[in-house]
$ cat coords.csv   # CSV, C-alpha atoms
chain,number,residue,atom,x,y,z
G,17,MET,CA,-19.6,14.1,8.0
G,18,PHE,CA,-18.6,13.1,11.5
G,19,ILE,CA,-20.4,9.7,11.4
G,20,MET,CA,-18.8,8.8,8.0
G,21,THR,CA,-15.3,9.7,9.1
G,22,HIS,CA,-15.8,7.9,12.4
G,23,GLU,CA,-16.7,4.7,10.6
G,24,ILE,CA,-13.8,5.0,8.2
G,25,LYS,CA,-11.3,5.5,11.1
G,26,ARG,CA,-12.8,2.4,12.9
G,27,GLN,CA,-12.6,0.2,9.8
G,28,TRP,CA,-9.3,1.3,8.1
G,29,ARG,CA,-7.0,-1.1,9.9
G,30,PRO,CA,-8.9,-4.4,9.1
G,31,LEU,CA,-9.5,-3.0,5.6
G,32,LEU,CA,-5.8,-2.4,5.1
G,33,ILE,CA,-4.8,-5.9,6.4
G,34,PHE,CA,-7.3,-7.7,4.2
G,35,ALA,CA,-6.4,-5.6,1.2
G,36,LEU,CA,-2.7,-6.3,1.7
G,37,ALA,CA,-3.5,-10.0,2.1
G,38,LEU,CA,-5.4,-10.2,-1.2
G,39,SER,CA,-2.7,-8.0,-2.9
G,40,PHE,CA,-0.1,-10.5,-1.8
G,41,VAL,CA,-2.0,-13.3,-3.3
G,42,LEU,CA,-2.3,-11.5,-6.6
G,43,ALA,CA,1.4,-10.6,-6.5
G,44,VAL,CA,2.2,-14.3,-6.1
G,45,VAL,CA,0.0,-15.0,-9.2
G,46,VAL,CA,1.9,-12.5,-11.2
G,47,VAL,CA,5.3,-13.8,-10.1
G,48,MET,CA,4.3,-17.4,-10.8
G,49,TYR,CA,2.9,-16.8,-14.3
G,50,PRO,CA,6.2,-17.0,-16.3
G,51,SER,CA,7.0,-20.4,-14.9
G,52,MET,CA,3.5,-21.6,-15.3
G,53,ALA,CA,3.4,-20.3,-18.9
G,54,GLU,CA,6.1,-22.8,-19.8
G,55,ASP,CA,3.6,-25.6,-19.1
G,56,MET,CA,0.5,-23.7,-20.1
G,57,GLY,CA,-0.7,-26.6,-22.3
G,58,GLY,CA,-1.0,-28.8,-19.2
G,59,LEU,CA,-3.0,-26.1,-17.3
G,60,MET,CA,-5.3,-25.5,-20.3
G,61,SER,CA,-5.9,-29.3,-20.5
G,62,LEU,CA,-6.7,-29.3,-16.8
G,63,VAL,CA,-9.2,-26.4,-17.1
G,64,ASP,CA,-10.7,-27.9,-20.2
G,65,GLY,CA,-11.3,-31.2,-18.3
G,66,LEU,CA,-13.4,-29.4,-15.7
G,67,GLY,CA,-16.3,-29.8,-18.1
G,68,MET,CA,-19.5,-28.3,-16.6
G,69,PHE,CA,-17.5,-26.3,-14.1
G,70,THR,CA,-15.8,-24.5,-17.0
G,71,ASP,CA,-19.2,-23.3,-18.2
G,72,ALA,CA,-20.3,-22.5,-14.6
G,73,LEU,CA,-17.3,-20.3,-14.0
G,74,ASN,CA,-17.4,-18.9,-17.5
G,75,LEU,CA,-13.8,-19.6,-18.2
G,76,ASP,CA,-12.2,-19.0,-21.6
G,77,ILE,CA,-9.3,-21.4,-21.9
G,78,SER,CA,-7.7,-19.5,-24.8
G,79,GLN,CA,-7.2,-16.4,-22.6
G,80,LEU,CA,-4.9,-18.3,-20.3
G,81,ASN,CA,-2.1,-17.9,-22.8
G,82,SER,CA,-1.6,-14.3,-21.7
G,83,LEU,CA,-0.8,-12.8,-18.3
G,84,ILE,CA,-4.0,-10.6,-18.3
G,85,GLY,CA,-6.1,-13.7,-19.0
G,86,PHE,CA,-4.5,-15.8,-16.3
G,87,TYR,CA,-4.6,-12.8,-13.9
G,88,GLY,CA,-8.2,-12.2,-14.6
G,89,MET,CA,-9.2,-15.8,-13.9
G,90,GLU,CA,-7.3,-15.8,-10.6
G,91,MET,CA,-8.6,-12.4,-9.6
G,92,GLU,CA,-12.2,-13.4,-10.4
G,93,ILE,CA,-12.0,-16.5,-8.2
G,94,MET,CA,-10.1,-15.1,-5.3
G,95,VAL,CA,-10.7,-11.4,-5.1
G,96,GLY,CA,-14.1,-11.6,-6.6
G,97,ILE,CA,-15.5,-14.0,-3.9
G,98,ALA,CA,-13.4,-12.7,-1.0
G,99,GLY,CA,-14.2,-9.1,-1.9
G,100,ALA,CA,-17.9,-9.9,-2.1
G,101,LEU,CA,-17.9,-11.5,1.3
G,102,TYR,CA,-16.0,-8.5,2.8
G,103,ALA,CA,-18.5,-6.1,1.1
G,104,ALA,CA,-21.4,-8.1,2.5
G,105,TYR,CA,-19.9,-8.0,6.0
G,106,LEU,CA,-19.5,-4.2,5.9
G,107,GLY,CA,-22.9,-3.7,4.4
G,108,ILE,CA,-24.8,-5.8,6.9
G,109,SER,CA,-22.9,-4.5,10.0
G,110,LEU,CA,-22.3,-0.8,9.6
G,111,LEU,CA,-25.8,0.2,10.5
G,112,SER,CA,-27.3,-2.7,12.4
G,113,LYS,CA,-24.4,-3.0,14.8
G,114,GLU,CA,-25.7,0.1,16.6
G,115,GLU,CA,-28.6,-1.9,17.9
G,116,SER,CA,-26.9,-5.2,18.5
G,117,ARG,CA,-24.1,-3.5,20.4
G,118,HIS,CA,-26.6,-1.2,22.3
G,119,THR,CA,-25.0,2.1,21.0
G,120,ALA,CA,-28.1,3.2,19.1
G,121,GLU,CA,-29.5,5.2,22.0
G,122,PHE,CA,-26.3,7.2,22.4
G,123,LEU,CA,-26.1,7.8,18.6
G,124,LEU,CA,-29.7,8.9,18.3
G,125,SER,CA,-29.5,11.1,21.3
G,126,HIS,CA,-27.4,13.5,19.3
G,127,PRO,CA,-29.2,16.3,17.2
G,128,VAL,CA,-28.9,14.4,14.0
G,129,LYS,CA,-31.6,13.0,11.8
G,130,ARG,CA,-31.9,9.3,11.1
G,131,GLN,CA,-31.7,9.9,7.4
G,132,ARG,CA,-28.3,11.6,7.9
G,133,ILE,CA,-27.0,8.6,10.0
G,134,TYR,CA,-28.2,6.2,7.3
G,135,LEU,CA,-26.7,8.2,4.4
G,136,GLU,CA,-23.4,8.9,6.1
G,137,LYS,CA,-22.9,5.2,6.9
G,138,ALA,CA,-23.8,4.4,3.3
G,139,ALA,CA,-21.2,6.9,2.2
G,140,ALA,CA,-18.7,5.3,4.6
G,141,LEU,CA,-19.4,2.0,3.0
G,142,ILE,CA,-18.7,3.4,-0.5
G,143,VAL,CA,-15.5,5.1,0.6
G,144,LEU,CA,-14.2,2.0,2.4
G,145,LEU,CA,-14.8,-0.3,-0.5
G,146,THR,CA,-13.3,2.2,-2.9
G,147,LEU,CA,-10.2,2.5,-0.8
G,148,PHE,CA,-10.0,-1.3,-0.5
G,149,ASN,CA,-10.0,-1.7,-4.3
G,150,ILE,CA,-7.6,1.2,-4.9
G,151,ILE,CA,-5.0,-0.5,-2.6
G,152,ILE,CA,-5.3,-3.8,-4.4
G,153,TYR,CA,-5.2,-2.1,-7.8
G,154,ILE,CA,-2.0,-0.2,-7.1
G,155,ILE,CA,-0.1,-3.1,-5.4
G,156,ALA,CA,-1.2,-5.5,-8.1
G,157,TYR,CA,0.0,-3.2,-10.9
G,158,LEU,CA,3.2,-2.4,-9.2
G,159,SER,CA,3.8,-6.2,-8.8
G,160,ILE,CA,3.4,-6.6,-12.6
G,161,MET,CA,5.8,-3.8,-13.3
G,162,ALA,CA,8.3,-5.1,-10.8
G,163,SER,CA,8.3,-8.6,-12.3
G,164,GLY,CA,9.2,-7.1,-15.7
G,165,GLN,CA,5.9,-8.1,-17.3
G,166,SER,CA,3.1,-6.0,-18.7
G,167,VAL,CA,-0.6,-6.0,-19.2
G,168,PRO,CA,-3.0,-3.8,-21.2
G,169,LEU,CA,-3.9,-1.0,-18.7
G,170,VAL,CA,-7.4,-0.6,-20.0
G,171,ALA,CA,-8.2,-4.3,-19.6
G,172,PHE,CA,-6.5,-4.4,-16.2
G,173,SER,CA,-8.5,-1.4,-15.1
G,174,LEU,CA,-11.8,-2.8,-16.4
G,175,LEU,CA,-11.2,-6.0,-14.4
G,176,HIS,CA,-10.7,-4.0,-11.2
G,177,GLY,CA,-13.5,-1.6,-12.0
G,178,ALA,CA,-15.9,-4.6,-12.3
G,179,SER,CA,-14.7,-5.9,-9.0
G,180,LEU,CA,-15.4,-2.6,-7.3
G,181,LEU,CA,-18.9,-2.4,-8.8
G,182,LEU,CA,-19.6,-5.9,-7.7
G,183,GLN,CA,-18.6,-5.1,-4.1
G,184,LEU,CA,-20.5,-1.9,-4.1
G,185,ASN,CA,-23.6,-3.7,-5.4
G,186,ILE,CA,-23.5,-6.4,-2.7
G,187,GLY,CA,-22.4,-4.0,0.0
G,188,LEU,CA,-25.3,-1.5,-0.6
G,189,LEU,CA,-27.8,-4.4,-1.0
G,190,CYS,CA,-26.8,-5.8,2.4
G,191,PHE,CA,-26.8,-2.3,3.9
G,192,GLY,CA,-30.4,-1.7,2.7
G,193,ILE,CA,-31.5,-5.0,4.1
G,194,SER,CA,-29.7,-4.3,7.5
G,195,ALA,CA,-32.1,-1.4,8.0
G,196,PHE,CA,-34.8,-3.9,8.6
G,197,LEU,CA,-32.8,-5.9,11.1
G,198,SER,CA,-32.2,-5.4,14.9
G,199,ASN,CA,-28.9,-7.3,14.9
G,200,GLU,CA,-25.8,-7.5,12.8
G,201,SER,CA,-26.7,-10.9,11.2
G,202,ILE,CA,-23.3,-11.3,9.6
G,203,GLY,CA,-24.2,-14.8,8.6
G,204,LEU,CA,-27.1,-13.4,6.6
G,205,GLY,CA,-24.9,-11.0,4.7
G,206,MET,CA,-22.4,-13.7,3.9
G,207,GLY,CA,-25.3,-15.9,2.8
G,208,ILE,CA,-26.6,-13.3,0.5
G,209,ALA,CA,-23.2,-12.9,-1.2
G,210,LEU,CA,-22.8,-16.6,-1.7
G,211,LEU,CA,-26.3,-17.1,-2.9
G,212,LEU,CA,-25.8,-14.4,-5.5
G,213,TYR,CA,-22.6,-16.2,-6.6
G,214,PHE,CA,-24.4,-19.5,-7.0
G,215,PHE,CA,-27.2,-17.8,-8.9
G,216,SER,CA,-24.5,-16.7,-11.4
G,217,LEU,CA,-23.2,-20.2,-11.7
G,218,PHE,CA,-26.7,-21.6,-12.2
G,219,ALA,CA,-27.4,-19.0,-14.9
G,220,ASN,CA,-24.3,-20.1,-16.8
G,221,ILE,CA,-25.2,-23.8,-16.6
G,222,TRP,CA,-28.9,-24.0,-17.2
G,223,GLN,CA,-30.6,-22.1,-19.9
G,224,GLU,CA,-33.9,-22.3,-17.9
G,225,LEU,CA,-32.3,-20.2,-15.2
G,226,ALA,CA,-30.6,-17.6,-17.5
G,227,TRP,CA,-32.9,-15.0,-16.0
G,228,LEU,CA,-30.9,-15.1,-12.8
G,229,ARG,CA,-28.2,-13.2,-14.6
G,230,PHE,CA,-30.3,-10.0,-14.2
G,231,ILE,CA,-30.3,-10.2,-10.4
G,232,THR,CA,-26.7,-11.2,-9.6
G,233,PRO,CA,-23.8,-8.7,-9.9
G,234,PHE,CA,-21.3,-11.6,-10.5
G,235,GLN,CA,-22.6,-11.8,-14.1
G,236,TYR,CA,-21.1,-8.5,-15.2
G,237,ALA,CA,-17.7,-9.2,-13.4
G,238,PHE,CA,-16.6,-12.3,-15.4
G,239,ALA,CA,-13.1,-11.8,-16.6
G,240,ALA,CA,-13.6,-13.8,-19.8
G,241,ASP,CA,-16.5,-11.6,-20.9
G,242,ILE,CA,-14.6,-8.3,-20.0
G,243,LEU,CA,-11.5,-9.3,-21.8
G,244,LYS,CA,-13.3,-10.6,-24.8
G,245,ASN,CA,-15.6,-7.6,-25.3
G,246,GLU,CA,-13.1,-5.0,-24.0
G,247,HIS,CA,-15.8,-3.2,-22.1
G,248,LEU,CA,-18.3,-3.7,-19.2
G,249,ASP,CA,-21.9,-4.7,-19.9
G,250,LEU,CA,-23.4,-1.4,-18.9
G,251,GLY,CA,-27.0,-2.5,-19.6
G,252,LEU,CA,-26.7,-5.4,-17.2
G,253,ILE,CA,-25.0,-3.2,-14.6
G,254,VAL,CA,-27.8,-0.7,-14.7
G,255,ILE,CA,-30.4,-3.4,-14.3
G,256,VAL,CA,-28.7,-5.2,-11.4
G,257,PHE,CA,-27.5,-2.0,-9.7
G,258,GLY,CA,-31.0,-0.6,-10.1
G,259,THR,CA,-32.4,-3.4,-8.0
G,260,CYS,CA,-29.8,-2.8,-5.4
G,261,LEU,CA,-30.5,0.9,-5.2
G,262,ILE,CA,-34.3,0.2,-4.7
G,263,VAL,CA,-33.4,-1.9,-1.7
G,264,THR,CA,-31.0,0.8,-0.4
G,265,PHE,CA,-33.6,3.5,-0.6
G,266,ALA,CA,-36.3,1.3,0.8
G,267,GLY,CA,-34.0,0.8,3.8
G,268,LEU,CA,-33.6,4.5,4.2
G,269,PHE,CA,-37.4,5.0,4.3
G,270,HIS,CA,-37.9,2.1,6.8
G,271,TYR,CA,-35.0,3.2,9.0
G,272,SER,CA,-36.3,6.7,9.3
G,273,LYS,CA,-39.7,5.4,10.6
G,274,ARG,CA,-39.0,2.2,12.6
G,275,ASP,CA,-38.5,1.8,16.4
G,276,ILE,CA,-34.8,1.5,17.2
G,277,ALA,CA,-33.9,-0.9,20.0
G,278,SER,CA,-31.4,0.7,22.5
$ encode --input "coords.csv" --output "structure tokens"
Amino acid sequence: MFIMTHEIKRQWRPLLIFALALSFVLAVVVVMYPSMAEDMGGLMSLVDGLGMFTDALNLDISQLNSLIGFYGMEMEIMVGIAGALYAAYLGISLLSKEESRHTAEFLLSHPVKRQRIYLEKAAALIVLLTLFNIIIYIIAYLSIMASGQSVPLVAFSLLHGASLLLQLNIGLLCFGISAFLSNESIGLGMGIALLLYFFSLFANIWQELAWLRFITPFQYAFAADILKNEHLDLGLIVIVFGTCLIVTFAGLFHYSKRDIAS
């Protein structure tokens, strides 16, 4: 477990800073809601006027009348995208940085199998993203209580649970892909996250591209659907996550066989 704990120790400071930054944004959203609720009609008219963008973002205007609906929309836009990019960064860099920073020779000189290196770094990725989301969850909920407001705990937890699954999906996908790379390629990881996001938007706008919903994790993290159905789309999660796990295990097989640049 040395490799996993080492990675967690190296990453916890930037993780904490980023988690606190996003938590602050959500806290501001919570504090602002009572004043915005007084003019919610104007906000709903503004959102309704977005037209095609309302469909693309899968926004339910009627849900903006409640704190959980407004919170879910803001969280989806800010934490959803920012969290996905952070997950992509971790996923694409945790493994491939050993080659790009020329530390692979030192790491592989130890009596440890490549499979163990790969799996422990994947475990570190899972732990880091889980901690990242726990911090945001706790601070956001405390902010709601401190402001004297309330939200349904189940719905609140489902929103954050979907965000965690989204980040794990993208993080593990990028991690599996990184096993085929000889450098960190952070731009590639970011590009994959953004591409999957746009796939989700395209699937919402054009019926001909509806099949894209089965390859992008953003589709099961839409706040409007979660709050309306009061549960996550487990079938879609299994399909999308299944593809991600295939790539992850393909990366494990390839990493155990390939030549590693020192």
$ atom_distance --input "coords.csv" --atom1 "atom CA of Lys25 of chain G" --atom2 "atom CA of Ile152 of chain G"
19.0 Å
$ closest_residue --input "coords.csv" --among "G:Ile262, G:Leu169, G:Val256, G:Val95" --to "Phe40 of chain G" --atoms "all atoms listed in the file"
G:Val95
$ atom_distance --input "coords.csv" --atom1 "atom CA of Ala138 of chain G" --atom2 "atom CA of Phe230 of chain G"
23.6 Å
$ atom_distance --input "coords.csv" --atom1 "atom CA of Trp222 of chain G" --atom2 "atom CA of Leu210 of chain G"
18.2 Å
$ closest_residue --input "coords.csv" --among "G:Leu243, G:Leu110, G:Leu188, G:Leu211" --to "Val170 of chain G" --atoms "all atoms listed in the file"
G:Leu243
$ closest_residue --input "coords.csv" --among "G:Met91, G:Leu101, G:Leu197, G:Ala178" --to "Tyr236 of chain G" --atoms "only C-alpha atoms"
G:Ala178
$ closest_residue --input "coords.csv" --among "G:Ile133, G:Ala37, G:Leu80, G:Leu189" --to "Met52 of chain G" --atoms "all atoms listed in the file"
G:Leu80
$ residues_around --input "coords.csv" --residues "Val167 of chain G" --least-positions-apart "4" --cutoff "9 Å" --atoms "only C-alpha atoms" --output "NGL selection string"
:G and (82-84 or 157 or 160-161 or 171-172)
$ closest_residue --input "coords.csv" --among "G:Met20, G:Met89, G:Val46, G:Ala139" --to "Ser166 of chain G" --atoms "all atoms listed in the file"
G:Val46
$ closest_residue --input "coords.csv" --among "G:Ala239, G:Ile19, G:Leu182, G:Leu36" --to "Tyr153 of chain G" --atoms "only C-alpha atoms"
G:Leu36
$ decode --input "coords.csv" --residues "segment 223-247 of chain G" --atoms "N, CA and C atoms" --output "PDB file, in the first residue's frame"
ATOM      1  N   GLN G 223     -31.865  14.255 -31.773  1.00  0.00           N
ATOM      2  CA  GLN G 223     -32.348  12.901 -31.587  1.00  0.00           C
ATOM      3  C   GLN G 223     -31.463  11.894 -32.301  1.00  0.00           C
ATOM      4  N   GLU G 224     -30.884  12.313 -33.445  1.00  0.00           N
ATOM      5  CA  GLU G 224     -30.021  11.406 -34.204  1.00  0.00           C
ATOM      6  C   GLU G 224     -28.762  11.013 -33.430  1.00  0.00           C
ATOM      7  N   LEU G 225     -28.398  11.836 -32.460  1.00  0.00           N
ATOM      8  CA  LEU G 225     -27.190  11.570 -31.665  1.00  0.00           C
ATOM      9  C   LEU G 225     -27.531  11.102 -30.255  1.00  0.00           C
ATOM     10  N   ALA G 226     -28.764  10.654 -30.051  1.00  0.00           N
ATOM     11  CA  ALA G 226     -29.187  10.218 -28.716  1.00  0.00           C
ATOM     12  C   ALA G 226     -28.362   9.042 -28.212  1.00  0.00           C
ATOM     13  N   TRP G 227     -27.777   8.277 -29.136  1.00  0.00           N
ATOM     14  CA  TRP G 227     -26.970   7.114 -28.734  1.00  0.00           C
ATOM     15  C   TRP G 227     -25.718   7.527 -27.963  1.00  0.00           C
ATOM     16  N   LEU G 228     -25.329   8.808 -28.078  1.00  0.00           N
ATOM     17  CA  LEU G 228     -24.150   9.282 -27.356  1.00  0.00           C
ATOM     18  C   LEU G 228     -24.342   9.228 -25.847  1.00  0.00           C
ATOM     19  N   ARG G 229     -25.580   9.211 -25.409  1.00  0.00           N
ATOM     20  CA  ARG G 229     -25.848   9.187 -23.969  1.00  0.00           C
ATOM     21  C   ARG G 229     -25.307   7.922 -23.306  1.00  0.00           C
ATOM     22  N   PHE G 230     -25.070   6.876 -24.118  1.00  0.00           N
ATOM     23  CA  PHE G 230     -24.580   5.619 -23.565  1.00  0.00           C
ATOM     24  C   PHE G 230     -23.052   5.565 -23.437  1.00  0.00           C
ATOM     25  N   ILE G 231     -22.372   6.652 -23.822  1.00  0.00           N
ATOM     26  CA  ILE G 231     -20.916   6.647 -23.708  1.00  0.00           C
ATOM     27  C   ILE G 231     -20.398   7.835 -22.900  1.00  0.00           C
ATOM     28  N   THR G 232     -21.299   8.684 -22.418  1.00  0.00           N
ATOM     29  CA  THR G 232     -20.853   9.829 -21.631  1.00  0.00           C
ATOM     30  C   THR G 232     -21.453   9.805 -20.228  1.00  0.00           C
ATOM     31  N   PRO G 233     -20.643   9.894 -19.191  1.00  0.00           N
ATOM     32  CA  PRO G 233     -21.149   9.839 -17.815  1.00  0.00           C
ATOM     33  C   PRO G 233     -21.946  11.078 -17.410  1.00  0.00           C
ATOM     34  N   PHE G 234     -21.828  12.159 -18.162  1.00  0.00           N
ATOM     35  CA  PHE G 234     -22.586  13.365 -17.819  1.00  0.00           C
ATOM     36  C   PHE G 234     -24.092  13.121 -17.913  1.00  0.00           C
ATOM     37  N   GLN G 235     -24.487  12.121 -18.689  1.00  0.00           N
ATOM     38  CA  GLN G 235     -25.912  11.867 -18.885  1.00  0.00           C
ATOM     39  C   GLN G 235     -26.610  11.378 -17.626  1.00  0.00           C
ATOM     40  N   TYR G 236     -25.897  10.693 -16.745  1.00  0.00           N
ATOM     41  CA  TYR G 236     -26.564  10.218 -15.527  1.00  0.00           C
ATOM     42  C   TYR G 236     -26.362  11.177 -14.354  1.00  0.00           C
ATOM     43  N   ALA G 237     -25.754  12.343 -14.626  1.00  0.00           N
ATOM     44  CA  ALA G 237     -25.491  13.295 -13.544  1.00  0.00           C
ATOM     45  C   ALA G 237     -26.306  14.584 -13.675  1.00  0.00           C
ATOM     46  N   PHE G 238     -27.282  14.608 -14.582  1.00  0.00           N
ATOM     47  CA  PHE G 238     -28.105  15.801 -14.718  1.00  0.00           C
ATOM     48  C   PHE G 238     -28.998  15.969 -13.496  1.00  0.00           C
ATOM     49  N   ALA G 239     -28.914  17.128 -12.869  1.00  0.00           N
ATOM     50  CA  ALA G 239     -29.672  17.388 -11.649  1.00  0.00           C
ATOM     51  C   ALA G 239     -31.176  17.292 -11.888  1.00  0.00           C
ATOM     52  N   ALA G 240     -31.645  17.792 -13.031  1.00  0.00           N
ATOM     53  CA  ALA G 240     -33.083  17.788 -13.308  1.00  0.00           C
ATOM     54  C   ALA G 240     -33.647  16.375 -13.296  1.00  0.00           C
ATOM     55  N   ASP G 241     -32.936  15.440 -13.923  1.00  0.00           N
ATOM     56  CA  ASP G 241     -33.411  14.048 -13.964  1.00  0.00           C
ATOM     57  C   ASP G 241     -33.356  13.408 -12.586  1.00  0.00           C
ATOM     58  N   ILE G 242     -32.283  13.682 -11.840  1.00  0.00           N
ATOM     59  CA  ILE G 242     -32.131  13.087 -10.510  1.00  0.00           C
ATOM     60  C   ILE G 242     -33.238  13.559  -9.582  1.00  0.00           C
ATOM     61  N   LEU G 243     -33.511  14.860  -9.593  1.00  0.00           N
ATOM     62  CA  LEU G 243     -34.532  15.416  -8.702  1.00  0.00           C
ATOM     63  C   LEU G 243     -35.940  14.997  -9.132  1.00  0.00           C
ATOM     64  N   LYS G 244     -36.146  14.858 -10.423  1.00  0.00           N
ATOM     65  CA  LYS G 244     -37.462  14.450 -10.916  1.00  0.00           C
ATOM     66  C   LYS G 244     -37.753  12.990 -10.599  1.00  0.00           C
ATOM     67  N   ASN G 245     -36.786  12.119 -10.836  1.00  0.00           N
ATOM     68  CA  ASN G 245     -36.988  10.685 -10.648  1.00  0.00           C
ATOM     69  C   ASN G 245     -36.701  10.225  -9.219  1.00  0.00           C
ATOM     70  N   GLU G 246     -35.971  11.055  -8.468  1.00  0.00           N
ATOM     71  CA  GLU G 246     -35.595  10.759  -7.089  1.00  0.00           C
ATOM     72  C   GLU G 246     -34.736   9.496  -6.976  1.00  0.00           C
ATOM     73  N   HIS G 247     -33.991   9.212  -8.017  1.00  0.00           N
ATOM     74  CA  HIS G 247     -33.030   8.104  -7.994  1.00  0.00           C
ATOM     75  C   HIS G 247     -32.086   8.263  -9.172  1.00  0.00           C
TER      76      HIS G 247
END
